[in-house]
Amino acid sequence: MFRIKVFTAIAVLLSIVQPLEAQEAEVEITPAIKARLERLEEARERMIEEERSLLKEKVAEIDQMVEDGQLTPEEAKVKKEEAARNTARNIENRTAILDNKIALVKRGEFVGTSDGFLKIDIREEEDWLQIVGFDECFPCSGPKRYDRRTTSDLVLAAGFNNVIPEGGSLDDSPYRIGGSKFFEIGWQFKTRVFRESNWLRLVYGLNFQFNGFKPEDDNYFVRDGDLTVLEPFPGNLDKSKLRMDNIVIPVYFEMGPSKRIDRDDYFRYSTRRKFRVGLGGYFGLNYSTRQKLKYKIDGDRSKDKLKNNYNTSNTIYGLAGYVGFGDLTLYTRYELNTLFKDPNPDQHNIAFGLRLEL
């Protein structure tokens with residue numbers, strides 16, 4: 001009932017602010033006005049289909065409640081009639097709003113642009129309703145793009161980091177399972193692959209990776225020519241960690257459902273609360289490697305930061321993927337390059353964590 005009252009009030013408001021058509025002549029229909037009128041007509045048709053689909057879903061829910069014994073056939077009949085009346089009223093009210101907008105556009109009043117004209121817009125998405133007083137682009141220099149196939153986001157990822165030795169498993173790793181961690185931050189772009197569908201997206205961008213490796217026991221990293229080995233520290237070692245900083249370009253194919261949101265003058269696809277999975281890989285460069293030591297010798301505490309490449313690989317590349325709902329997903333990656341260059345034993349970095357798009 002609240003929604004019906006809102007639609008009615010907005011329709012009345014539009015009829016008040018709109019000058020009488022009989023008193024003003026319609027302007028010449030330019031290509032821009034024609035395109036906007038076509039979009040409004042399409043929006044009206046989609047609106048009617050949307051209301052009818054919602055009615056079908058409501059009727060199906062009522063029938064299911066009858067099957068489950070929650071309603072009697074008589075009660076179900078009453079609820080169906082009420083749902084049908086509400087749908088008819090919704091279509092009537094929403095049609096009135098669109099018809100008024102069409103009339104305004106025909107007179108050259110571009111409702112929904114940033115020319116300063118008052119815009120009354122009703123937005124329904126799942127459980128919320130919003131009334132907007134001005135175009136959301138106001139006071140931008142131009143109208144909102146009707147279709148945006150590419151969007152961008154800040155991306156964060158964090159979790160546990162380790163290696164899988166050649167011919168072994170995580171159990172054979174010389175690094176602490178819980179103590180070795182990673183963090184990623186970057187900027188990504190997401191492009192819809194198909195023009196009329198959003199089930200497949202290409203995701204790409206630029207990320208900074210920070211990988212930490214903490215040796216077991218009191219070992220630390222020592223470079224001996226082309227070899228990098230772990231040796232016992234000659235003292236009371238509190239902390240030993242090797243950190244590799246990489247800059248990489250990730251590329252994914254993301255798949256999953258989305259919801260199309262149509263407005264009078266633009267549309268968007270939303271993956272909010274939708275399942276999605278991304279599969280792909282990354283490549284880049286290692287631009288910094290350092291070892292951090294905290295220790296105590298003869299009662300004196302010391303802290304060293306030793307910057308050295310420690311024979312780590314310069315080129316970084318691997319496989320990666322994520323799966324989950326909405327903006328927060330489970331994330332994993334596996335490096336195909338070895339942690340240390342030949343002739344060191346092969347160790348491949350593997351990471352598990354969470355990935356967040358902001």
# chains A, B, ... in the order shown; residues from 1 in each chain; ligands from 1
>>> residues_around(residues="Arg85 of chain A", least_positions_apart="3", cutoff="12 Å", atoms="only C-alpha atoms", output="ChimeraX atom specification")
/A:1,4,51-52,55,78-82,88-92
>>> write_last_selection(atoms="N, CA and C atoms", output="short mmCIF file (atom, residue, chain, number, x, y, z; two decimals), in the first residue's frame")
data_model
loop_
_atom_site.label_atom_id
_atom_site.label_comp_id
_atom_site.auth_asym_id
_atom_site.auth_seq_id
_atom_site.Cartn_x
_atom_site.Cartn_y
_atom_site.Cartn_z
N MET A 1 0.82 -1.20 0.00
CA MET A 1 0.00 0.00 0.00
C MET A 1 0.86 1.25 0.00
N ILE A 4 2.05 2.01 -3.47
CA ILE A 4 0.99 2.56 -4.33
C ILE A 4 0.80 4.03 -4.03
N GLU A 51 6.11 -6.26 -13.91
CA GLU A 51 4.99 -6.37 -12.98
C GLU A 51 4.25 -7.69 -13.18
N ARG A 52 4.09 -8.08 -14.43
CA ARG A 52 3.41 -9.35 -14.71
C ARG A 52 4.21 -10.54 -14.20
N LEU A 55 3.78 -10.80 -10.54
CA LEU A 55 2.48 -11.37 -10.21
C LEU A 55 2.50 -12.89 -10.35
N VAL A 78 -8.52 -15.31 -2.33
CA VAL A 78 -8.54 -13.91 -1.89
C VAL A 78 -7.19 -13.25 -2.10
N LYS A 79 -6.12 -13.96 -1.75
CA LYS A 79 -4.78 -13.40 -1.89
C LYS A 79 -4.42 -13.19 -3.36
N LYS A 80 -4.83 -14.10 -4.24
CA LYS A 80 -4.55 -13.94 -5.67
C LYS A 80 -5.27 -12.72 -6.23
N GLU A 81 -6.53 -12.54 -5.82
CA GLU A 81 -7.29 -11.38 -6.30
C GLU A 81 -6.64 -10.08 -5.82
N GLU A 82 -6.18 -10.08 -4.57
CA GLU A 82 -5.52 -8.88 -4.04
C GLU A 82 -4.22 -8.59 -4.79
N ALA A 88 -2.30 -4.38 -11.11
CA ALA A 88 -2.98 -3.45 -12.01
C ALA A 88 -2.75 -2.01 -11.59
N ARG A 89 -2.82 -1.75 -10.28
CA ARG A 89 -2.59 -0.39 -9.79
C ARG A 89 -1.14 0.04 -10.02
N ASN A 90 -0.20 -0.88 -9.79
CA ASN A 90 1.20 -0.55 -10.01
C ASN A 90 1.46 -0.17 -11.47
N ILE A 91 0.90 -0.97 -12.37
CA ILE A 91 1.08 -0.69 -13.80
C ILE A 91 0.46 0.66 -14.14
N GLU A 92 -0.73 0.94 -13.60
CA GLU A 92 -1.40 2.21 -13.88
C GLU A 92 -0.58 3.39 -13.37
#
>>> select_by_dssp(residues="segment 132-338 of chain A", states="strand (DSSP E)", output="ChimeraX atom specification")
/A:132,150-165,181-192,200-213,219-224,227-232,236-255,259-262,267-270,275-297,300-307,315-325,328-335
>>> residues_around(residues="Lys307 of chain A", least_positions_apart="3", cutoff="7 Å", atoms="only C-alpha atoms", output="VMD selection string")
chain A and resid 289 to 291
>>> residues_around(residues="Gly299 of chain A", least_positions_apart="4", cutoff="12 Å", atoms="only C-alpha atoms", output="mmCIF file with N, CA and C atoms, in the first residue's frame")
data_model
loop_
_atom_site.group_PDB
_atom_site.id
_atom_site.type_symbol
_atom_site.label_atom_id
_atom_site.label_comp_id
_atom_site.auth_asym_id
_atom_site.auth_seq_id
_atom_site.Cartn_x
_atom_site.Cartn_y
_atom_site.Cartn_z
ATOM 1 N N GLY A 235 72.354 -17.181 17.463
ATOM 2 C CA GLY A 235 71.861 -16.321 18.538
ATOM 3 C C GLY A 235 70.414 -16.651 18.843
ATOM 4 N N ASN A 236 69.806 -15.851 19.695
ATOM 5 C CA ASN A 236 68.412 -16.052 20.057
ATOM 6 C C ASN A 236 67.532 -15.293 19.066
ATOM 7 N N LEU A 237 66.983 -16.022 18.096
ATOM 8 C CA LEU A 237 66.226 -15.410 17.000
ATOM 9 C C LEU A 237 64.753 -15.297 17.382
ATOM 10 N N TYR A 295 66.468 -10.309 16.726
ATOM 11 C CA TYR A 295 67.219 -11.281 17.516
ATOM 12 C C TYR A 295 67.831 -10.613 18.749
#
>>> residues_around(residues="Gly324 of chain A", least_positions_apart="4", cutoff="12 Å", atoms="only C-alpha atoms", output="PDB file with N, CA and C atoms, in the first residue's frame")
ATOM      1  N   GLU A 254      35.473 -14.162 -15.635  1.00  0.00           N
ATOM      2  CA  GLU A 254      34.526 -14.297 -14.526  1.00  0.00           C
ATOM      3  C   GLU A 254      33.174 -14.717 -15.077  1.00  0.00           C
ATOM      4  N   MET A 255      32.569 -15.715 -14.446  1.00  0.00           N
ATOM      5  CA  MET A 255      31.277 -16.243 -14.867  1.00  0.00           C
ATOM      6  C   MET A 255      30.295 -16.207 -13.710  1.00  0.00           C
ATOM      7  N   GLY A 256      29.039 -16.024 -14.028  1.00  0.00           N
ATOM      8  CA  GLY A 256      28.011 -16.034 -13.005  1.00  0.00           C
ATOM      9  C   GLY A 256      26.811 -15.186 -13.391  1.00  0.00           C
ATOM     10  N   THR A 271      25.894  -7.635  -9.824  1.00  0.00           N
ATOM     11  CA  THR A 271      26.218  -8.970  -9.326  1.00  0.00           C
ATOM     12  C   THR A 271      26.113  -9.030  -7.800  1.00  0.00           C
ATOM     13  N   ARG A 272      25.412  -8.062  -7.213  1.00  0.00           N
ATOM     14  CA  ARG A 272      25.239  -8.016  -5.760  1.00  0.00           C
ATOM     15  C   ARG A 272      24.519  -9.271  -5.285  1.00  0.00           C
ATOM     16  N   ARG A 273      25.139  -9.961  -4.324  1.00  0.00           N
ATOM     17  CA  ARG A 273      24.607 -11.189  -3.745  1.00  0.00           C
ATOM     18  C   ARG A 273      24.430 -12.298  -4.776  1.00  0.00           C
ATOM     19  N   LYS A 274      25.222 -12.265  -5.848  1.00  0.00           N
ATOM     20  CA  LYS A 274      25.157 -13.296  -6.881  1.00  0.00           C
ATOM     21  C   LYS A 274      26.404 -14.164  -6.833  1.00  0.00           C
ATOM     22  N   PHE A 275      26.215 -15.448  -7.140  1.00  0.00           N
ATOM     23  CA  PHE A 275      27.344 -16.380  -7.190  1.00  0.00           C
ATOM     24  C   PHE A 275      28.211 -16.069  -8.400  1.00  0.00           C
ATOM     25  N   ARG A 276      29.517 -16.155  -8.220  1.00  0.00           N
ATOM     26  CA  ARG A 276      30.430 -15.946  -9.344  1.00  0.00           C
ATOM     27  C   ARG A 276      31.717 -16.716  -9.130  1.00  0.00           C
ATOM     28  N   VAL A 277      32.349 -17.038 -10.235  1.00  0.00           N
ATOM     29  CA  VAL A 277      33.631 -17.742 -10.197  1.00  0.00           C
ATOM     30  C   VAL A 277      34.542 -17.114 -11.249  1.00  0.00           C
ATOM     31  N   GLY A 278      35.794 -16.895 -10.883  1.00  0.00           N
ATOM     32  CA  GLY A 278      36.774 -16.327 -11.794  1.00  0.00           C
ATOM     33  C   GLY A 278      37.959 -17.260 -11.960  1.00  0.00           C
ATOM     34  N   LEU A 328      32.799 -10.452  -1.814  1.00  0.00           N
ATOM     35  CA  LEU A 328      33.774 -11.217  -1.022  1.00  0.00           C
ATOM     36  C   LEU A 328      33.819 -12.648  -1.516  1.00  0.00           C
ATOM     37  N   THR A 329      35.019 -13.099  -1.910  1.00  0.00           N
ATOM     38  CA  THR A 329      35.164 -14.440  -2.471  1.00  0.00           C
ATOM     39  C   THR A 329      36.385 -15.142  -1.872  1.00  0.00           C
ATOM     40  N   LEU A 330      36.375 -16.465  -1.970  1.00  0.00           N
ATOM     41  CA  LEU A 330      37.549 -17.256  -1.624  1.00  0.00           C
ATOM     42  C   LEU A 330      38.540 -17.171  -2.777  1.00  0.00           C
ATOM     43  N   TYR A 331      39.822 -17.059  -2.448  1.00  0.00           N
ATOM     44  CA  TYR A 331      40.830 -16.753  -3.462  1.00  0.00           C
ATOM     45  C   TYR A 331      42.024 -17.686  -3.308  1.00  0.00           C
ATOM     46  N   LEU A 354      41.154 -14.569   1.176  1.00  0.00           N
ATOM     47  CA  LEU A 354      39.915 -13.891   0.814  1.00  0.00           C
ATOM     48  C   LEU A 354      40.211 -12.739  -0.125  1.00  0.00           C
ATOM     49  N   ARG A 355      39.308 -12.508  -1.029  1.00  0.00           N
ATOM     50  CA  ARG A 355      39.441 -11.435  -2.015  1.00  0.00           C
ATOM     51  C   ARG A 355      38.219 -10.520  -1.919  1.00  0.00           C
ATOM     52  N   LEU A 356      38.454  -9.214  -1.874  1.00  0.00           N
ATOM     53  CA  LEU A 356      37.371  -8.258  -1.693  1.00  0.00           C
ATOM     54  C   LEU A 356      37.435  -7.184  -2.764  1.00  0.00           C
ATOM     55  N   GLU A 357      36.292  -6.928  -3.414  1.00  0.00           N
ATOM     56  CA  GLU A 357      36.169  -5.844  -4.392  1.00  0.00           C
ATOM     57  C   GLU A 357      35.414  -4.692  -3.751  1.00  0.00           C
TER      58      GLU A 357
END
>>> residues_around(residues="Asn311 of chain A", least_positions_apart="2", cutoff="10 Å", atoms="only C-alpha atoms", output="ChimeraX atom specification")
/A:223-228,289,308-309,313-314,339-344
>>> closest_residue(among="A:Leu242, A:Ala320, A:Ala351, A:Val155", to="Lys305 of chain A", atoms="only C-alpha atoms")
A:Leu242
>>> atom_distance(atom1="atom CA of Val163 of chain A", atom2="atom CA of Gly212 of chain A")
10.8 Å
>>> residues_around(residues="Asp262 of chain A", least_positions_apart="6", cutoff="10 Å", atoms="only C-alpha atoms", output="MDAnalysis selection string")
chainID A and resid 42:43 46:47 123 146 268:269
>>> closest_residue(among="A:Val193, A:Leu104, A:Ala60, A:Ile316", to="Leu285 of chain A", atoms="only C-alpha atoms")
A:Ile316
>>> atom_distance(atom1="atom CA of Leu202 of chain A", atom2="atom CA of Glu50 of chain A")
29.0 Å
>>> closest_residue(among="A:Ile33, A:Met65, A:Ala84, A:Leu54", to="Val105 of chain A", atoms="only C-alpha atoms")
A:Ile33
>>> closest_residue(among="A:Glu216, A:Asp327, A:Glu184, A:Glu61", to="Asn162 of chain A", atoms="only C-alpha atoms")
A:Glu216
>>> decode(residues="segment 328-354 of chain A", atoms="N, CA and C atoms", output="PDB file, in the first residue's frame")
ATOM      1  N   LEU A 328      32.799 -10.452  -1.814  1.00  0.00           N
ATOM      2  CA  LEU A 328      33.774 -11.217  -1.022  1.00  0.00           C
ATOM      3  C   LEU A 328      33.819 -12.648  -1.516  1.00  0.00           C
ATOM      4  N   THR A 329      35.019 -13.099  -1.910  1.00  0.00           N
ATOM      5  CA  THR A 329      35.164 -14.440  -2.471  1.00  0.00           C
ATOM      6  C   THR A 329      36.385 -15.142  -1.872  1.00  0.00           C
ATOM      7  N   LEU A 330      36.375 -16.465  -1.970  1.00  0.00           N
ATOM      8  CA  LEU A 330      37.549 -17.256  -1.624  1.00  0.00           C
ATOM      9  C   LEU A 330      38.540 -17.171  -2.777  1.00  0.00           C
ATOM     10  N   TYR A 331      39.822 -17.059  -2.448  1.00  0.00           N
ATOM     11  CA  TYR A 331      40.830 -16.753  -3.462  1.00  0.00           C
ATOM     12  C   TYR A 331      42.024 -17.686  -3.308  1.00  0.00           C
ATOM     13  N   THR A 332      42.575 -18.134  -4.420  1.00  0.00           N
ATOM     14  CA  THR A 332      43.786 -18.949  -4.396  1.00  0.00           C
ATOM     15  C   THR A 332      44.620 -18.658  -5.642  1.00  0.00           C
ATOM     16  N   ARG A 333      45.927 -18.856  -5.509  1.00  0.00           N
ATOM     17  CA  ARG A 333      46.825 -18.719  -6.666  1.00  0.00           C
ATOM     18  C   ARG A 333      48.018 -19.657  -6.494  1.00  0.00           C
ATOM     19  N   TYR A 334      48.577 -20.059  -7.617  1.00  0.00           N
ATOM     20  CA  TYR A 334      49.716 -20.984  -7.639  1.00  0.00           C
ATOM     21  C   TYR A 334      50.708 -20.481  -8.669  1.00  0.00           C
ATOM     22  N   GLU A 335      51.960 -20.254  -8.236  1.00  0.00           N
ATOM     23  CA  GLU A 335      52.981 -19.728  -9.150  1.00  0.00           C
ATOM     24  C   GLU A 335      53.654 -20.866  -9.904  1.00  0.00           C
ATOM     25  N   LEU A 336      53.706 -20.698 -11.213  1.00  0.00           N
ATOM     26  CA  LEU A 336      54.370 -21.692 -12.053  1.00  0.00           C
ATOM     27  C   LEU A 336      55.882 -21.497 -12.049  1.00  0.00           C
ATOM     28  N   ASN A 337      56.335 -20.278 -11.822  1.00  0.00           N
ATOM     29  CA  ASN A 337      57.780 -20.055 -11.688  1.00  0.00           C
ATOM     30  C   ASN A 337      58.240 -20.548 -10.320  1.00  0.00           C
ATOM     31  N   THR A 338      59.517 -20.823 -10.182  1.00  0.00           N
ATOM     32  CA  THR A 338      60.043 -21.273  -8.899  1.00  0.00           C
ATOM     33  C   THR A 338      60.391 -20.069  -8.019  1.00  0.00           C
ATOM     34  N   LEU A 339      60.332 -20.272  -6.712  1.00  0.00           N
ATOM     35  CA  LEU A 339      60.627 -19.178  -5.785  1.00  0.00           C
ATOM     36  C   LEU A 339      62.074 -18.712  -5.956  1.00  0.00           C
ATOM     37  N   PHE A 340      62.997 -19.672  -6.029  1.00  0.00           N
ATOM     38  CA  PHE A 340      64.419 -19.364  -6.223  1.00  0.00           C
ATOM     39  C   PHE A 340      64.892 -19.914  -7.568  1.00  0.00           C
ATOM     40  N   LYS A 341      65.791 -19.175  -8.203  1.00  0.00           N
ATOM     41  CA  LYS A 341      66.287 -19.588  -9.516  1.00  0.00           C
ATOM     42  C   LYS A 341      67.206 -20.801  -9.403  1.00  0.00           C
ATOM     43  N   ASP A 342      67.399 -21.467 -10.551  1.00  0.00           N
ATOM     44  CA  ASP A 342      68.346 -22.586 -10.607  1.00  0.00           C
ATOM     45  C   ASP A 342      69.729 -22.098 -10.176  1.00  0.00           C
ATOM     46  N   PRO A 343      70.506 -22.941  -9.521  1.00  0.00           N
ATOM     47  CA  PRO A 343      70.328 -24.389  -9.292  1.00  0.00           C
ATOM     48  C   PRO A 343      69.638 -24.723  -7.967  1.00  0.00           C
ATOM     49  N   ASN A 344      68.861 -23.787  -7.391  1.00  0.00           N
ATOM     50  CA  ASN A 344      68.163 -24.070  -6.151  1.00  0.00           C
ATOM     51  C   ASN A 344      67.031 -25.075  -6.389  1.00  0.00           C
ATOM     52  N   PRO A 345      66.659 -25.845  -5.374  1.00  0.00           N
ATOM     53  CA  PRO A 345      65.528 -26.768  -5.506  1.00  0.00           C
ATOM     54  C   PRO A 345      64.245 -25.999  -5.837  1.00  0.00           C
ATOM     55  N   ASP A 346      63.386 -26.633  -6.622  1.00  0.00           N
ATOM     56  CA  ASP A 346      62.136 -25.990  -7.028  1.00  0.00           C
ATOM     57  C   ASP A 346      61.192 -25.840  -5.835  1.00  0.00           C
ATOM     58  N   GLN A 347      60.692 -24.628  -5.664  1.00  0.00           N
ATOM     59  CA  GLN A 347      59.656 -24.340  -4.680  1.00  0.00           C
ATOM     60  C   GLN A 347      58.634 -23.417  -5.350  1.00  0.00           C
ATOM     61  N   HIS A 348      57.387 -23.839  -5.374  1.00  0.00           N
ATOM     62  CA  HIS A 348      56.344 -23.064  -6.034  1.00  0.00           C
ATOM     63  C   HIS A 348      55.419 -22.429  -5.002  1.00  0.00           C
ATOM     64  N   ASN A 349      55.299 -21.113  -5.084  1.00  0.00           N
ATOM     65  CA  ASN A 349      54.470 -20.368  -4.145  1.00  0.00           C
ATOM     66  C   ASN A 349      52.986 -20.711  -4.336  1.00  0.00           C
ATOM     67  N   ILE A 350      52.284 -20.935  -3.226  1.00  0.00           N
ATOM     68  CA  ILE A 350      50.846 -21.160  -3.259  1.00  0.00           C
ATOM     69  C   ILE A 350      50.205 -20.337  -2.147  1.00  0.00           C
ATOM     70  N   ALA A 351      49.043 -19.762  -2.427  1.00  0.00           N
ATOM     71  CA  ALA A 351      48.395 -18.869  -1.475  1.00  0.00           C
ATOM     72  C   ALA A 351      46.897 -19.154  -1.416  1.00  0.00           C
ATOM     73  N   PHE A 352      46.329 -19.008  -0.207  1.00  0.00           N
ATOM     74  CA  PHE A 352      44.891 -19.162   0.020  1.00  0.00           C
ATOM     75  C   PHE A 352      44.414 -18.009   0.875  1.00  0.00           C
ATOM     76  N   GLY A 353      43.270 -17.434   0.527  1.00  0.00           N
ATOM     77  CA  GLY A 353      42.775 -16.327   1.340  1.00  0.00           C
ATOM     78  C   GLY A 353      41.431 -15.824   0.875  1.00  0.00           C
ATOM     79  N   LEU A 354      41.154 -14.569   1.176  1.00  0.00           N
ATOM     80  CA  LEU A 354      39.915 -13.891   0.814  1.00  0.00           C
ATOM     81  C   LEU A 354      40.211 -12.739  -0.125  1.00  0.00           C
TER      82      LEU A 354
END
